[in-house]
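Asks: Input structure: final.pdb, which contains PDB, C-alpha atoms, pLDDT in the B column.
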ATOM      1  CA  MET A   1       8.180  30.905 -19.838  1.00 45.00           C
ATOM      2  CA  ALA A   2       5.102  32.289 -18.156  1.00 46.00           C
ATOM      3  CA  GLU A   3       4.743  31.539 -14.480  1.00 56.00           C
ATOM      4  CA  GLU A   4       1.520  29.636 -15.224  1.00 82.00           C
ATOM      5  CA  THR A   5       3.616  26.889 -16.784  1.00 89.00           C
ATOM      6  CA  VAL A   6       3.394  23.524 -15.047  1.00 94.00           C
ATOM      7  CA  LEU A   7       5.492  20.408 -15.571  1.00 95.00           C
ATOM      8  CA  GLY A   8       4.319  16.828 -15.485  1.00 95.00           C
ATOM      9  CA  ILE A   9       7.026  14.228 -14.888  1.00 96.00           C
ATOM     10  CA  ASP A  10       6.546  10.468 -15.202  1.00 95.00           C
ATOM     11  CA  VAL A  11       9.203   8.371 -13.478  1.00 96.00           C
ATOM     12  CA  GLY A  12       8.986   5.035 -15.247  1.00 92.00           C
ATOM     13  CA  GLY A  13      10.929   1.832 -14.858  1.00 87.00           C
ATOM     14  CA  THR A  14      12.895   2.643 -18.021  1.00 89.00           C
ATOM     15  CA  ASP A  15      12.712   6.391 -18.671  1.00 93.00           C
ATOM     16  CA  ILE A  16      11.768   9.641 -16.973  1.00 96.00           C
ATOM     17  CA  LYS A  17       9.393  11.505 -19.291  1.00 95.00           C
ATOM     18  CA  ALA A  18       8.350  15.139 -19.032  1.00 94.00           C
ATOM     19  CA  VAL A  19       5.592  17.318 -20.437  1.00 93.00           C
ATOM     20  CA  MET A  20       5.045  21.076 -20.161  1.00 92.00           C
ATOM     21  CA  VAL A  21       1.634  22.731 -20.128  1.00 90.00           C
ATOM     22  CA  GLY A  22       1.477  26.490 -20.537  1.00 88.00           C
ATOM     23  CA  PRO A  23      -1.362  28.995 -20.086  1.00 86.00           C
ATOM     24  CA  ASP A  24      -2.911  27.837 -23.372  1.00 85.00           C
ATOM     25  CA  GLY A  25      -3.422  24.352 -21.927  1.00 83.00           C
ATOM     26  CA  VAL A  26      -1.579  22.652 -24.780  1.00 86.00           C
ATOM     27  CA  PRO A  27       0.832  19.927 -23.597  1.00 87.00           C
ATOM     28  CA  VAL A  28       4.326  19.910 -25.104  1.00 90.00           C
ATOM     29  CA  ARG A  29       6.496  16.836 -24.665  1.00 91.00           C
ATOM     30  CA  LEU A  30      10.013  17.603 -23.461  1.00 90.00           C
ATOM     31  CA  PRO A  31      13.231  15.613 -23.794  1.00 89.00           C
ATOM     32  CA  GLY A  32      13.434  13.029 -21.024  1.00 91.00           C
ATOM     33  CA  THR A  33      16.230  10.977 -19.539  1.00 94.00           C
ATOM     34  CA  PRO A  34      16.854   7.303 -18.624  1.00 95.00           C
ATOM     35  CA  THR A  35      15.725   6.294 -15.148  1.00 96.00           C
ATOM     36  CA  PRO A  36      18.788   5.700 -12.906  1.00 96.00           C
ATOM     37  CA  ARG A  37      19.426   2.001 -12.300  1.00 93.00           C
ATOM     38  CA  GLY A  38      19.833   0.489  -8.846  1.00 94.00           C
ATOM     39  CA  ASP A  39      18.729   3.712  -7.157  1.00 97.00           C
ATOM     40  CA  ALA A  40      17.106   2.285  -4.023  1.00 96.00           C
ATOM     41  CA  SER A  41      17.815   5.529  -2.139  1.00 97.00           C
ATOM     42  CA  GLY A  42      16.011   7.614  -4.780  1.00 97.00           C
ATOM     43  CA  VAL A  43      18.774  10.253  -4.673  1.00 98.00           C
ATOM     44  CA  ALA A  44      19.876   9.834  -8.292  1.00 98.00           C
ATOM     45  CA  THR A  45      16.251   9.887  -9.455  1.00 98.00           C
ATOM     46  CA  ALA A  46      15.450  13.048  -7.475  1.00 98.00           C
ATOM     47  CA  ASP A  47      18.576  14.651  -8.953  1.00 98.00           C
ATOM     48  CA  ALA A  48      17.501  13.642 -12.468  1.00 97.00           C
ATOM     49  CA  VAL A  49      14.018  15.102 -11.965  1.00 96.00           C
ATOM     50  CA  ALA A  50      15.502  18.337 -10.597  1.00 95.00           C
ATOM     51  CA  ALA A  51      17.790  18.555 -13.635  1.00 94.00           C
ATOM     52  CA  LEU A  52      14.755  18.332 -15.938  1.00 92.00           C
ATOM     53  CA  VAL A  53      12.985  21.070 -13.970  1.00 92.00           C
ATOM     54  CA  ALA A  54      16.083  23.292 -14.039  1.00 91.00           C
ATOM     55  CA  ARG A  55      15.782  23.642 -17.824  1.00 87.00           C
ATOM     56  CA  TRP A  56      12.872  26.050 -17.272  1.00 81.00           C
ATOM     57  CA  THR A  57      13.239  29.356 -15.486  1.00 72.00           C
ATOM     58  CA  SER A  58       9.659  29.817 -14.315  1.00 82.00           C
ATOM     59  CA  VAL A  59       7.444  26.921 -13.274  1.00 90.00           C
ATOM     60  CA  ALA A  60       4.295  27.319 -11.177  1.00 93.00           C
ATOM     61  CA  ALA A  61       3.949  23.685 -10.103  1.00 95.00           C
ATOM     62  CA  ILE A  62       5.345  20.214 -10.716  1.00 96.00           C
ATOM     63  CA  GLY A  63       3.439  16.954 -10.788  1.00 96.00           C
ATOM     64  CA  ILE A  64       5.378  13.704 -10.448  1.00 97.00           C
ATOM     65  CA  ALA A  65       3.926  10.280 -11.168  1.00 96.00           C
ATOM     66  CA  VAL A  66       5.682   7.116  -9.975  1.00 96.00           C
ATOM     67  CA  PRO A  67       4.797   3.417 -10.246  1.00 91.00           C
ATOM     68  CA  GLY A  68       3.861   1.102  -7.413  1.00 88.00           C
ATOM     69  CA  ILE A  69       2.028   1.592  -4.132  1.00 90.00           C
ATOM     70  CA  VAL A  70       1.903   5.337  -3.549  1.00 92.00           C
ATOM     71  CA  ASP A  71       0.631   7.338  -0.585  1.00 93.00           C
ATOM     72  CA  GLU A  72      -0.247  10.479  -2.509  1.00 92.00           C
ATOM     73  CA  ALA A  73      -1.280  12.483   0.565  1.00 93.00           C
ATOM     74  CA  ALA A  74       1.989  11.778   2.389  1.00 96.00           C
ATOM     75  CA  GLY A  75       4.105  12.085  -0.764  1.00 97.00           C
ATOM     76  CA  VAL A  76       5.658   8.670  -0.172  1.00 97.00           C
ATOM     77  CA  CYS A  77       6.187   5.737  -2.515  1.00 97.00           C
ATOM     78  CA  ARG A  78       5.434   2.816  -0.209  1.00 95.00           C
ATOM     79  CA  MET A  79       6.714   0.199  -2.627  1.00 92.00           C
ATOM     80  CA  SER A  80       7.862   0.172  -6.236  1.00 92.00           C
ATOM     81  CA  VAL A  81       9.238  -3.148  -7.450  1.00 85.00           C
ATOM     82  CA  ASN A  82      10.582  -1.776 -10.730  1.00 85.00           C
ATOM     83  CA  LEU A  83      12.392   1.125  -9.040  1.00 93.00           C
ATOM     84  CA  GLY A  84      13.517  -0.785  -5.951  1.00 94.00           C
ATOM     85  CA  TRP A  85      11.880   1.746  -3.609  1.00 97.00           C
ATOM     86  CA  ARG A  86      10.264   1.142  -0.247  1.00 97.00           C
ATOM     87  CA  ASP A  87       8.801   3.908   1.940  1.00 98.00           C
ATOM     88  CA  LEU A  88      10.658   6.557  -0.066  1.00 98.00           C
ATOM     89  CA  PRO A  89       9.616  10.204   0.567  1.00 98.00           C
ATOM     90  CA  ILE A  90      10.197  11.104  -3.067  1.00 98.00           C
ATOM     91  CA  ARG A  91       7.996  14.222  -3.009  1.00 98.00           C
ATOM     92  CA  ARG A  92      10.056  15.762  -0.210  1.00 98.00           C
ATOM     93  CA  MET A  93      13.299  14.747  -1.907  1.00 98.00           C
ATOM     94  CA  VAL A  94      12.331  16.490  -5.137  1.00 98.00           C
ATOM     95  CA  GLN A  95      10.860  19.484  -3.263  1.00 97.00           C
ATOM     96  CA  GLU A  96      14.230  20.052  -1.591  1.00 97.00           C
ATOM     97  CA  ARG A  97      15.803  20.404  -5.043  1.00 97.00           C
ATOM     98  CA  VAL A  98      13.302  22.704  -6.819  1.00 95.00           C
ATOM     99  CA  ASP A  99      11.597  26.043  -6.173  1.00 92.00           C
ATOM    100  CA  ALA A 100       8.031  25.176  -7.250  1.00 94.00           C
ATOM    101  CA  PRO A 101       5.465  23.174  -5.249  1.00 96.00           C
ATOM    102  CA  VAL A 102       5.500  19.431  -5.958  1.00 97.00           C
ATOM    103  CA  VAL A 103       2.553  17.013  -6.074  1.00 97.00           C
ATOM    104  CA  LEU A 104       3.005  13.218  -6.118  1.00 97.00           C
ATOM    105  CA  ALA A 105       0.684  10.735  -7.828  1.00 93.00           C
ATOM    106  CA  GLN A 106       0.578   7.033  -8.609  1.00 91.00           C
ATOM    107  CA  ASP A 107       1.326   6.756 -12.326  1.00 89.00           C
ATOM    108  CA  VAL A 108      -1.550   4.548 -13.487  1.00 88.00           C
ATOM    109  CA  ARG A 109      -4.150   6.458 -11.490  1.00 88.00           C
ATOM    110  CA  ALA A 110      -2.743   9.724 -12.849  1.00 89.00           C
ATOM    111  CA  GLY A 111      -3.043   8.369 -16.396  1.00 88.00           C
ATOM    112  CA  ALA A 112      -6.606   7.256 -15.744  1.00 86.00           C
ATOM    113  CA  ARG A 113      -7.535  10.691 -14.410  1.00 87.00           C
ATOM    114  CA  ALA A 114      -6.024  12.322 -17.493  1.00 86.00           C
ATOM    115  CA  GLU A 115      -7.950  10.036 -19.871  1.00 87.00           C
ATOM    116  CA  TRP A 116     -11.157  10.633 -17.923  1.00 87.00           C
ATOM    117  CA  SER A 117     -10.804  14.414 -17.901  1.00 85.00           C
ATOM    118  CA  THR A 118      -9.260  15.224 -21.285  1.00 84.00           C
ATOM    119  CA  GLY A 119      -8.649  11.971 -23.171  1.00 85.00           C
ATOM    120  CA  ALA A 120     -10.614   8.971 -24.409  1.00 82.00           C
ATOM    121  CA  GLY A 121     -13.022   9.040 -21.470  1.00 84.00           C
ATOM    122  CA  ALA A 122     -13.811  12.758 -21.562  1.00 84.00           C
ATOM    123  CA  GLY A 123     -17.519  13.468 -21.869  1.00 79.00           C
ATOM    124  CA  ARG A 124     -18.488   9.788 -21.795  1.00 82.00           C
ATOM    125  CA  PRO A 125     -20.978   8.467 -19.253  1.00 80.00           C
ATOM    126  CA  GLY A 126     -20.025   5.749 -16.781  1.00 79.00           C
ATOM    127  CA  GLY A 127     -16.661   4.816 -15.330  1.00 82.00           C
ATOM    128  CA  LEU A 128     -13.297   4.183 -16.930  1.00 84.00           C
ATOM    129  CA  LEU A 129     -10.912   1.210 -17.011  1.00 84.00           C
ATOM    130  CA  PHE A 130      -7.319   2.225 -17.776  1.00 83.00           C
ATOM    131  CA  ALA A 131      -4.652  -0.429 -18.459  1.00 83.00           C
ATOM    132  CA  PRO A 132      -1.327   0.995 -19.724  1.00 82.00           C
ATOM    133  CA  LEU A 133       1.359  -1.434 -20.842  1.00 79.00           C
ATOM    134  CA  GLY A 134       4.907  -0.333 -20.021  1.00 78.00           C
ATOM    135  CA  THR A 135       7.890  -1.574 -18.036  1.00 76.00           C
ATOM    136  CA  GLY A 136       5.291  -2.601 -15.492  1.00 76.00           C
ATOM    137  CA  LEU A 137       1.620  -3.549 -15.710  1.00 78.00           C
ATOM    138  CA  ALA A 138      -1.264  -2.258 -13.616  1.00 77.00           C
ATOM    139  CA  ILE A 139      -4.907  -1.281 -14.027  1.00 78.00           C
ATOM    140  CA  ALA A 140      -6.851   1.687 -12.675  1.00 76.00           C
ATOM    141  CA  CYS A 141     -10.622   1.993 -12.471  1.00 78.00           C
ATOM    142  CA  LEU A 142     -12.439   5.282 -11.999  1.00 74.00           C
ATOM    143  CA  GLU A 143     -16.030   5.818 -10.971  1.00 71.00           C
ATOM    144  CA  ALA A 144     -18.312   7.999 -13.072  1.00 72.00           C
ATOM    145  CA  ASP A 145     -17.216  11.067 -11.087  1.00 74.00           C
ATOM    146  CA  GLY A 146     -13.533  10.387 -11.745  1.00 75.00           C
ATOM    147  CA  ARG A 147     -12.697   8.983  -8.304  1.00 76.00           C
ATOM    148  CA  PRO A 148     -10.448   5.900  -8.194  1.00 77.00           C
ATOM    149  CA  ILE A 149     -11.995   2.617  -7.048  1.00 77.00           C
ATOM    150  CA  GLY A 150     -10.297   0.510  -4.386  1.00 70.00           C
ATOM    151  CA  THR A 151      -7.290   0.787  -2.112  1.00 67.00           C
ATOM    152  CA  ALA A 152      -3.665   1.539  -2.967  1.00 66.00           C
ATOM    153  CA  TRP A 153      -3.175  -2.128  -3.921  1.00 64.00           C
ATOM    154  CA  ALA A 154      -6.185  -2.171  -6.242  1.00 69.00           C
ATOM    155  CA  GLY A 155      -5.193  -2.764  -9.840  1.00 73.00           C
ATOM    156  CA  GLU A 156      -1.638  -3.952  -9.127  1.00 73.00           C
ATOM    157  CA  VAL A 157      -2.195  -7.056 -11.259  1.00 77.00           C
ATOM    158  CA  GLY A 158       1.451  -7.057 -12.330  1.00 75.00           C
ATOM    159  CA  GLN A 159       2.436  -8.231  -8.841  1.00 75.00           C
ATOM    160  CA  LEU A 160       0.303 -11.373  -8.975  1.00 79.00           C
ATOM    161  CA  ARG A 161       2.192 -14.593  -9.655  1.00 88.00           C
ATOM    162  CA  TRP A 162       1.435 -17.260 -12.225  1.00 85.00           C
ATOM    163  CA  THR A 163       0.545 -20.468 -10.376  1.00 89.00           C
ATOM    164  CA  GLY A 164       0.867 -22.884 -13.302  1.00 88.00           C
ATOM    165  CA  GLY A 165       2.050 -23.292 -16.860  1.00 88.00           C
ATOM    166  CA  PRO A 166       5.420 -22.306 -18.350  1.00 87.00           C
ATOM    167  CA  HIS A 167       5.570 -19.062 -16.358  1.00 87.00           C
ATOM    168  CA  ALA A 168       4.760 -20.530 -12.936  1.00 90.00           C
ATOM    169  CA  GLY A 169       6.333 -18.516 -10.133  1.00 90.00           C
ATOM    170  CA  LEU A 170       6.867 -15.368 -12.202  1.00 87.00           C
ATOM    171  CA  ARG A 171       4.992 -12.137 -11.602  1.00 83.00           C
ATOM    172  CA  VAL A 172       2.439 -11.212 -14.286  1.00 81.00           C
ATOM    173  CA  GLU A 173       4.400  -8.146 -15.362  1.00 80.00           C
ATOM    174  CA  GLU A 174       7.567 -10.221 -15.814  1.00 82.00           C
ATOM    175  CA  VAL A 175       5.709 -11.995 -18.607  1.00 84.00           C
ATOM    176  CA  ALA A 176       3.024  -9.653 -19.940  1.00 80.00           C
ATOM    177  CA  SER A 177       4.468  -6.129 -19.606  1.00 79.00           C
ATOM    178  CA  ALA A 178       6.328  -4.360 -22.396  1.00 75.00           C
ATOM    179  CA  GLY A 179       9.580  -5.015 -20.543  1.00 75.00           C
ATOM    180  CA  GLY A 180       8.733  -8.696 -20.114  1.00 78.00           C
ATOM    181  CA  LEU A 181       7.767  -9.100 -23.762  1.00 79.00           C
ATOM    182  CA  ALA A 182      10.977  -7.379 -24.891  1.00 78.00           C
ATOM    183  CA  ALA A 183      13.098  -9.616 -22.657  1.00 78.00           C
ATOM    184  CA  ARG A 184      11.426 -12.766 -23.983  1.00 75.00           C
ATOM    185  CA  ALA A 185      11.781 -11.594 -27.587  1.00 79.00           C
ATOM    186  CA  ALA A 186      15.512 -11.005 -27.060  1.00 78.00           C
ATOM    187  CA  ALA A 187      16.080 -14.384 -25.362  1.00 72.00           C
ATOM    188  CA  PRO A 188      18.042 -16.935 -27.415  1.00 73.00           C
ATOM    189  CA  VAL A 189      15.992 -19.575 -29.181  1.00 60.00           C
ATOM    190  CA  ASP A 190      16.707 -23.231 -28.389  1.00 61.00           C
ATOM    191  CA  HIS A 191      17.082 -24.691 -31.886  1.00 54.00           C
ATOM    192  CA  SER A 192      17.815 -28.139 -30.460  1.00 60.00           C
ATOM    193  CA  ALA A 193      14.226 -28.552 -29.339  1.00 53.00           C
ATOM    194  CA  PRO A 194      12.158 -30.743 -31.693  1.00 54.00           C
ATOM    195  CA  ALA A 195       9.794 -28.906 -33.997  1.00 51.00           C
ATOM    196  CA  PRO A 196       6.094 -29.388 -33.310  1.00 49.00           C
ATOM    197  CA  ALA A 197       4.492 -32.091 -35.381  1.00 52.00           C
ATOM    198  CA  ARG A 198       2.339 -30.939 -38.259  1.00 51.00           C
ATOM    199  CA  ALA A 199      -1.199 -32.147 -38.605  1.00 46.00           C
TER     200      ALA A 199
END
Take the structure from the file and write it as structure tokens.

Replies:
Amino acid sequence: MAEETVLGIDVGGTDIKAVMVGPDGVPVRLPGTPTPRGDASGVATADAVAALVARWTSVAAIGIAVPGIVDEAAGVCRMSVNLGWRDLPIRRMVQERVDAPVVLAQDVRAGARAEWSTGAGAGRPGGLLFAPLGTGLAIACLEADGRPIGTAWAGEVGQLRWTGGPHAGLRVEEVASAGGLAARAAAPVDHSAPAPARA
């Protein structure tokens, strides 16, 4: 691989995904791996990311995106509910395991930047609203120049709690995310409940 090759790695609540971009600028999706469960220390996740990187002999840079509240400048995940992380220096942990420079980003903001620069928002006037649906649920808004709007908490709608109705007390992403929908679809159906009356 040419030394201009860069790797993008998305640490999700379910899987760690990877993409390679070479000098031609064409992204190539690589085989990923399941995200380690119960890894509050982040050690198993950093090891898994390093194992993905080790498949390639020459990498110029590595970008890692993680969910939650992320201090991109410090390289620290301040809080990630789905990963069980709090104040985890994940950039440093991965950097200690690889030879290329590592950059850390918040996953939804990174996705929004990608859509704004090369995806659905490329070349369009105005800002961009990006709302991916995965294990978690968050929203990112970019201004017309591609800068994110708001603080680190902005867009974390998945952490809001339902205040009424059948889901009262649950976080939004426990109900409306892909993971929440899958869990509800797999839940057993109570056939003893009376059927709704027909009009």

Asks: Please return, as a PyMOL selection string, all polymer residues that have at least one atom within 10 Å of the point (10.4, 22.3, -5.0); use all atoms listed in the file and the file's own coordinate frame.

Replies: chain A and resi 50+53+59+61-62+91-103

Asks: Going by the chain IDs and residue numbers used in this file, which residues fall under the PyMOL selection byres ((chain A and resi 127) around 6)? Write them as a count of residues only.

Replies: 5

Asks: Quote the spacing between atom CA of A:Ile139 and atom CA of A:Gly13 in Å to one decimal place.

Replies: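 So the answer is 16.2 Å.
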
Asks: Extract, using only C-alpha atoms, all DNA, RNA and protein residues at most 10 Å from A:Ala105, discarding same-chain residues fewer than 2 positions from it, and format them as a list in words.

Replies: Asp10, Gly63, Ile64, Ala65, Val66, Pro67, Ile69, Val70, Asp71, Glu72, Ala73, Gly75, Val76, Cys77, Arg91, Val103, Asp107, Val108, Arg109, Ala110 and Gly111 of chain A

Asks: Hey, can you spit out that residue selection with C-alpha atoms as a PDB file, in the frame of the given file?

Replies:
ATOM      1  CA  ASP A  10       6.546  10.468 -15.202  1.00 95.00           C
ATOM      2  CA  GLY A  63       3.439  16.954 -10.788  1.00 96.00           C
ATOM      3  CA  ILE A  64       5.378  13.704 -10.448  1.00 97.00           C
ATOM      4  CA  ALA A  65       3.926  10.280 -11.168  1.00 96.00           C
ATOM      5  CA  VAL A  66       5.682   7.116  -9.975  1.00 96.00           C
ATOM      6  CA  PRO A  67       4.797   3.417 -10.246  1.00 91.00           C
ATOM      7  CA  ILE A  69       2.028   1.592  -4.132  1.00 90.00           C
ATOM      8  CA  VAL A  70       1.903   5.337  -3.549  1.00 92.00           C
ATOM      9  CA  ASP A  71       0.631   7.338  -0.585  1.00 93.00           C
ATOM     10  CA  GLU A  72      -0.247  10.479  -2.509  1.00 92.00           C
ATOM     11  CA  ALA A  73      -1.280  12.483   0.565  1.00 93.00           C
ATOM     12  CA  GLY A  75       4.105  12.085  -0.764  1.00 97.00           C
ATOM     13  CA  VAL A  76       5.658   8.670  -0.172  1.00 97.00           C
ATOM     14  CA  CYS A  77       6.187   5.737  -2.515  1.00 97.00           C
ATOM     15  CA  ARG A  91       7.996  14.222  -3.009  1.00 98.00           C
ATOM     16  CA  VAL A 103       2.553  17.013  -6.074  1.00 97.00           C
ATOM     17  CA  ASP A 107       1.326   6.756 -12.326  1.00 89.00           C
ATOM     18  CA  VAL A 108      -1.550   4.548 -13.487  1.00 88.00           C
ATOM     19  CA  ARG A 109      -4.150   6.458 -11.490  1.00 88.00           C
ATOM     20  CA  ALA A 110      -2.743   9.724 -12.849  1.00 89.00           C
ATOM     21  CA  GLY A 111      -3.043   8.369 -16.396  1.00 88.00           C
TER      22      GLY A 111
END

Asks: Please report the interatomic distance between atom CA of A:Gly119 and atom CA of A:Val26 in Å with one decimal.

Replies: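 Straight-line distance from atom CA of A:Gly119 to atom CA of A:Val26 works out to 12.9 Å.
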
Asks: Could you pull the residues within 7 Å of stretch 28-36 of chain A, counting all atoms listed in the file, minus those fewer than 3 positions along the same chain, as an NGL selection string?

Replies: :A and (12-21 or 39 or 44-45)

Asks: Write the selection just made, keeping C-alpha atoms, as a short mmCIF file (atom, residue, chain, number, x, y, z; two decimals), in the coordinates of the input?

Replies:
data_model
loop_
_atom_site.label_atom_id
_atom_site.label_comp_id
_atom_site.auth_asym_id
_atom_site.auth_seq_id
_atom_site.Cartn_x
_atom_site.Cartn_y
_atom_site.Cartn_z
CA GLY A 12 8.99 5.04 -15.25
CA GLY A 13 10.93 1.83 -14.86
CA THR A 14 12.90 2.64 -18.02
CA ASP A 15 12.71 6.39 -18.67
CA ILE A 16 11.77 9.64 -16.97
CA LYS A 17 9.39 11.50 -19.29
CA ALA A 18 8.35 15.14 -19.03
CA VAL A 19 5.59 17.32 -20.44
CA MET A 20 5.04 21.08 -20.16
CA VAL A 21 1.63 22.73 -20.13
CA ASP A 39 18.73 3.71 -7.16
CA ALA A 44 19.88 9.83 -8.29
CA THR A 45 16.25 9.89 -9.46
#

Asks: With only C-alpha atoms as the basis for distance, which of A:Ala51, A:Ala182, A:Leu137, A:Ile90 is at the shortest distance from A:Gln159?

Replies: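 Ranking A:Ala51, A:Ala182, A:Leu137, A:Ile90 by distance to A:Gln159, first place goes to A:Leu137.
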